[in-house]
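Novice: Sharing a structure below in structure tokens format, with a few things to ask.
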Amino acid sequence: MLQGGVLCKTGLKRKVNQDRAGMLADGDTCLCYIADGMGGHYAGEKASGLIAQSLTDWWDGCHEAARRMPLQELAEHFKELLDGCASQLNREIPEDEYCGSTIVLLWLNGGQYLLLTAGDSRCYRLRRGLLRTEFCQMSTDDVYHAKGPEDAALEGKLTNCIGSQYTAHYTVQTGTAERRTLFALCSDGVYRCCPPVSLQAELAGAFRTDDLKPVLDRISAIVCSHGAPDNYSLVVAQIK
């Protein structure tokens with residue numbers, strides 16, 4: 001049994017929400033995603049919105065057939081879809097502008113998962129065992145790591161995304177999705193304001209309730225208590 005929840009907020013400083021987040025579910029199958037449009041560039045919401053709409057259209061037409069696909073083959077389908085979004089942005093965005101978005105995408109089906117990422121949006125996994133709860137970051141951040149004072153200003157800058165004038169590189173993971181496991185997808189607007197130790201503590205509360213809204217609300221309150229300077233999104237999928 002799957003249960004989930006989605007949080008996608010503008011934050012306290014930004015005027016436009018350039019994040020798009022969703023969870024599409026059918027029985028024991030679901031597709032979760034966060035696309036974080038690049039702030040400071042041309043119409044980041046256009047890139048994230050195109051990705052979100054493309055994934056929704058794919059779900060409506062293909063998810064039943066995708067249940068029978070090997071996960072690596074399915075990963076190639078997702079890459080083609082996302083590369084198609086980049087190609088469309090290249091055609092539609094003025095040549096002197098740049099438009100892009102990160103992606104973290106999670107497919108759950110029949111006790112297996114597929115995780116695909118590009119950028120710095122993250123996926124965490126929380127597994128509840130008999131003696132302890134395991135919490136880990138499954139994704140890696142595609143950001144620049146400074147080598148010294150000469151490039152310190154570039155520290156943390158995004159180095160990979162889906163966008164115009166850029167070829168994305170995708171990281172793919174597959175594995176078993178066991179019962180009493182929770183996956184949490186989040187944009188940097190969440191984890192920069194809600195440290196992993198706080199996120200873990202709040203997400204652990206999901207194992208004690210059938211209603212995830214209070215869990216999401218508490219995490220949102222933590223982000224806002226730190227000023228919520230950016231858009232922030234969180235998608236939680238729990239295997240009961």
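Residues are named by chain letter and number: chains run A, B, ... in the order of the structure tokens, numbers start at 1 in each chain, and ligands are numbered from 1 in the order shown.
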Skip A:Lys79 itself and residues of its chain fewer than 5 positions away, then list as a ChimeraX atom specification all residues within 12 Å of it, counting only C-alpha atoms.
Specialist: /A:51,54-55,72-74,84-86,103-105,115-118,162,167-172
Novice: Write out the residues from the selection above, keeping N, CA, C and O atoms, as a CSV table (one decimal), in the first residue's frame.
Specialist:
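Saved the output as again-v2.csv:
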chain,number,residue,atom,x,y,z
A,51,ILE,N,8.4,20.1,-18.1
A,51,ILE,CA,8.8,18.8,-17.6
A,51,ILE,C,7.6,18.2,-16.8
A,51,ILE,O,7.3,17.0,-17.1
A,54,SER,N,4.9,17.2,-19.3
A,54,SER,CA,5.4,16.0,-20.1
A,54,SER,C,5.3,14.7,-19.3
A,54,SER,O,4.9,13.7,-19.9
A,55,LEU,N,5.6,14.8,-18.0
A,55,LEU,CA,5.5,13.6,-17.2
A,55,LEU,C,4.1,13.2,-17.0
A,55,LEU,O,3.7,12.0,-16.9
A,72,GLN,N,15.7,-0.6,-16.4
A,72,GLN,CA,16.7,0.1,-17.2
A,72,GLN,C,16.2,0.6,-18.5
A,72,GLN,O,16.5,1.7,-19.0
A,73,GLU,N,15.3,-0.2,-19.1
A,73,GLU,CA,14.6,0.2,-20.3
A,73,GLU,C,13.7,1.4,-20.0
A,73,GLU,O,13.6,2.4,-20.8
A,74,LEU,N,13.0,1.4,-18.9
A,74,LEU,CA,12.1,2.5,-18.5
A,74,LEU,C,13.0,3.7,-18.3
A,74,LEU,O,12.5,4.8,-18.7
A,84,GLY,N,13.7,15.4,-24.7
A,84,GLY,CA,12.7,16.1,-25.6
A,84,GLY,C,12.3,17.4,-25.1
A,84,GLY,O,12.1,18.4,-25.8
A,85,CYS,N,12.2,17.5,-23.7
A,85,CYS,CA,11.9,18.8,-23.1
A,85,CYS,C,13.0,19.8,-23.4
A,85,CYS,O,12.7,21.0,-23.7
A,86,ALA,N,14.2,19.4,-23.3
A,86,ALA,CA,15.3,20.3,-23.5
A,86,ALA,C,15.3,20.8,-25.0
A,86,ALA,O,15.6,22.0,-25.2
A,103,ILE,N,15.9,17.9,-12.1
A,103,ILE,CA,14.8,16.9,-12.0
A,103,ILE,C,15.2,15.9,-10.9
A,103,ILE,O,16.4,15.5,-10.9
A,104,VAL,N,14.3,15.5,-10.1
A,104,VAL,CA,14.5,14.3,-9.3
A,104,VAL,C,13.2,13.5,-9.5
A,104,VAL,O,12.1,14.1,-9.3
A,105,LEU,N,13.3,12.3,-10.0
A,105,LEU,CA,12.1,11.5,-10.4
A,105,LEU,C,12.2,10.1,-9.8
A,105,LEU,O,13.3,9.5,-9.9
A,115,LEU,N,15.2,5.6,-9.6
A,115,LEU,CA,15.4,7.0,-9.2
A,115,LEU,C,16.3,7.6,-10.3
A,115,LEU,O,17.4,7.0,-10.6
A,116,LEU,N,15.9,8.7,-10.9
A,116,LEU,CA,16.6,9.4,-11.9
A,116,LEU,C,16.8,10.9,-11.5
A,116,LEU,O,15.8,11.5,-11.1
A,117,THR,N,18.0,11.4,-11.6
A,117,THR,CA,18.3,12.8,-11.1
A,117,THR,C,19.2,13.5,-12.1
A,117,THR,O,20.0,12.9,-12.8
A,118,ALA,N,19.0,14.8,-12.1
A,118,ALA,CA,20.0,15.7,-12.8
A,118,ALA,C,19.8,17.0,-12.1
A,118,ALA,O,18.8,17.6,-12.0
A,162,ILE,N,18.4,20.2,-17.0
A,162,ILE,CA,17.7,20.0,-18.2
A,162,ILE,C,17.3,21.4,-18.7
A,162,ILE,O,16.7,22.1,-18.0
A,167,THR,N,23.3,19.9,-22.4
A,167,THR,CA,23.0,18.5,-22.5
A,167,THR,C,23.1,17.9,-21.1
A,167,THR,O,24.1,18.0,-20.4
A,168,ALA,N,21.9,17.4,-20.6
A,168,ALA,CA,21.9,16.9,-19.3
A,168,ALA,C,22.5,15.5,-19.2
A,168,ALA,O,22.6,14.8,-20.1
A,169,HIS,N,23.1,15.3,-18.0
A,169,HIS,CA,23.6,14.0,-17.7
A,169,HIS,C,22.8,13.4,-16.5
A,169,HIS,O,22.7,14.1,-15.5
A,170,TYR,N,22.3,12.2,-16.7
A,170,TYR,CA,21.4,11.6,-15.7
A,170,TYR,C,22.1,10.6,-14.9
A,170,TYR,O,22.8,9.8,-15.4
A,171,THR,N,21.7,10.6,-13.6
A,171,THR,CA,22.1,9.5,-12.7
A,171,THR,C,20.9,8.6,-12.4
A,171,THR,O,19.9,9.1,-12.1
A,172,VAL,N,21.1,7.3,-12.6
A,172,VAL,CA,20.0,6.4,-12.4
A,172,VAL,C,20.4,5.3,-11.4
A,172,VAL,O,21.5,4.8,-11.4
Novice: Name the residues of stretch 3-64 of chain A that come out as strand (DSSP E) in a backbone DSSP run; write them as number ranges by chain.
Specialist: A: 3-9, 19-26, 29-36
Novice: Take the residues just selected and output them with C-alpha atoms as a PDB file, in the first residue's frame.
Specialist:
ATOM      1  CA  GLN A   3       0.477   6.783   0.619  1.00  0.00           C
ATOM      2  CA  GLY A   4       1.954  10.141  -0.250  1.00  0.00           C
ATOM      3  CA  GLY A   5       1.839  13.889  -0.061  1.00  0.00           C
ATOM      4  CA  VAL A   6       3.052  16.887  -2.043  1.00  0.00           C
ATOM      5  CA  LEU A   7       4.231  20.315  -0.889  1.00  0.00           C
ATOM      6  CA  CYS A   8       5.105  23.020  -3.428  1.00  0.00           C
ATOM      7  CA  LYS A   9       5.370  26.586  -2.148  1.00  0.00           C
ATOM      8  CA  ASP A  19       9.121  24.681  -8.795  1.00  0.00           C
ATOM      9  CA  ARG A  20       6.780  21.980 -10.041  1.00  0.00           C
ATOM     10  CA  ALA A  21       6.097  18.866  -7.985  1.00  0.00           C
ATOM     11  CA  GLY A  22       3.727  15.940  -8.267  1.00  0.00           C
ATOM     12  CA  MET A  23       2.795  12.401  -7.328  1.00  0.00           C
ATOM     13  CA  LEU A  24       0.817  10.305  -9.801  1.00  0.00           C
ATOM     14  CA  ALA A  25      -0.457   7.024  -8.359  1.00  0.00           C
ATOM     15  CA  ASP A  26      -2.413   3.940  -9.407  1.00  0.00           C
ATOM     16  CA  THR A  29       2.500   2.113  -8.824  1.00  0.00           C
ATOM     17  CA  CYS A  30       3.445   5.766  -8.594  1.00  0.00           C
ATOM     18  CA  LEU A  31       5.564   8.405 -10.280  1.00  0.00           C
ATOM     19  CA  CYS A  32       6.898  11.211  -8.091  1.00  0.00           C
ATOM     20  CA  TYR A  33       8.893  14.186  -9.308  1.00  0.00           C
ATOM     21  CA  ILE A  34      10.245  17.617  -8.490  1.00  0.00           C
ATOM     22  CA  ALA A  35      11.440  19.985 -11.207  1.00  0.00           C
ATOM     23  CA  ASP A  36      13.134  23.088  -9.814  1.00  0.00           C
TER      24      ASP A  36
END
Novice: For A:Ala228, find every residue with an atom within 10 Å (counting only C-alpha atoms), except residues of its own chain fewer than 5 positions away, and show them as a list in words.
Specialist: Lys9, Thr10, Gly11, Leu12, Lys13, Arg14, Gly189, Val190, Arg192, Cys193, Cys194, Ser220, Ala221, Ile222 and Val223 of chain A
Novice: Write a file of the just-selected residues containing C-alpha atoms, as a compact mmCIF listing (two decimals), in the first residue's frame.
Specialist:
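Now in selection_29.txt:
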# COMPACT_ATOMS: atom_id res chain seq x y z
CA LYS A 9 5.37 26.59 -2.15
CA THR A 10 6.56 29.96 -3.43
CA GLY A 11 8.38 30.80 -0.19
CA LEU A 12 8.54 34.14 1.63
CA LYS A 13 10.88 36.09 -0.67
CA ARG A 14 10.15 35.04 -4.25
CA GLY A 189 14.65 25.30 -0.95
CA VAL A 190 13.82 22.59 1.62
CA ARG A 192 18.94 24.54 2.79
CA CYS A 193 16.46 25.57 5.50
CA CYS A 194 15.63 22.20 7.07
CA SER A 220 7.00 23.74 5.84
CA ALA A 221 6.94 25.60 9.17
CA ILE A 222 10.64 24.83 9.73
CA VAL A 223 11.51 26.17 6.27
Novice: Which of stretch 82-218 of chain A counts as alpha helix (DSSP H) under DSSP, as a ChimeraX atom specification please?
Specialist: /A:82-92,188-191,196-204,213-218
Novice: Find the residue from A:Ser121, A:Asp28, A:Ser225, A:Leu81 that sits nearest to A:Asp57; use only C-alpha atoms when measuring.
Specialist: A:Leu81
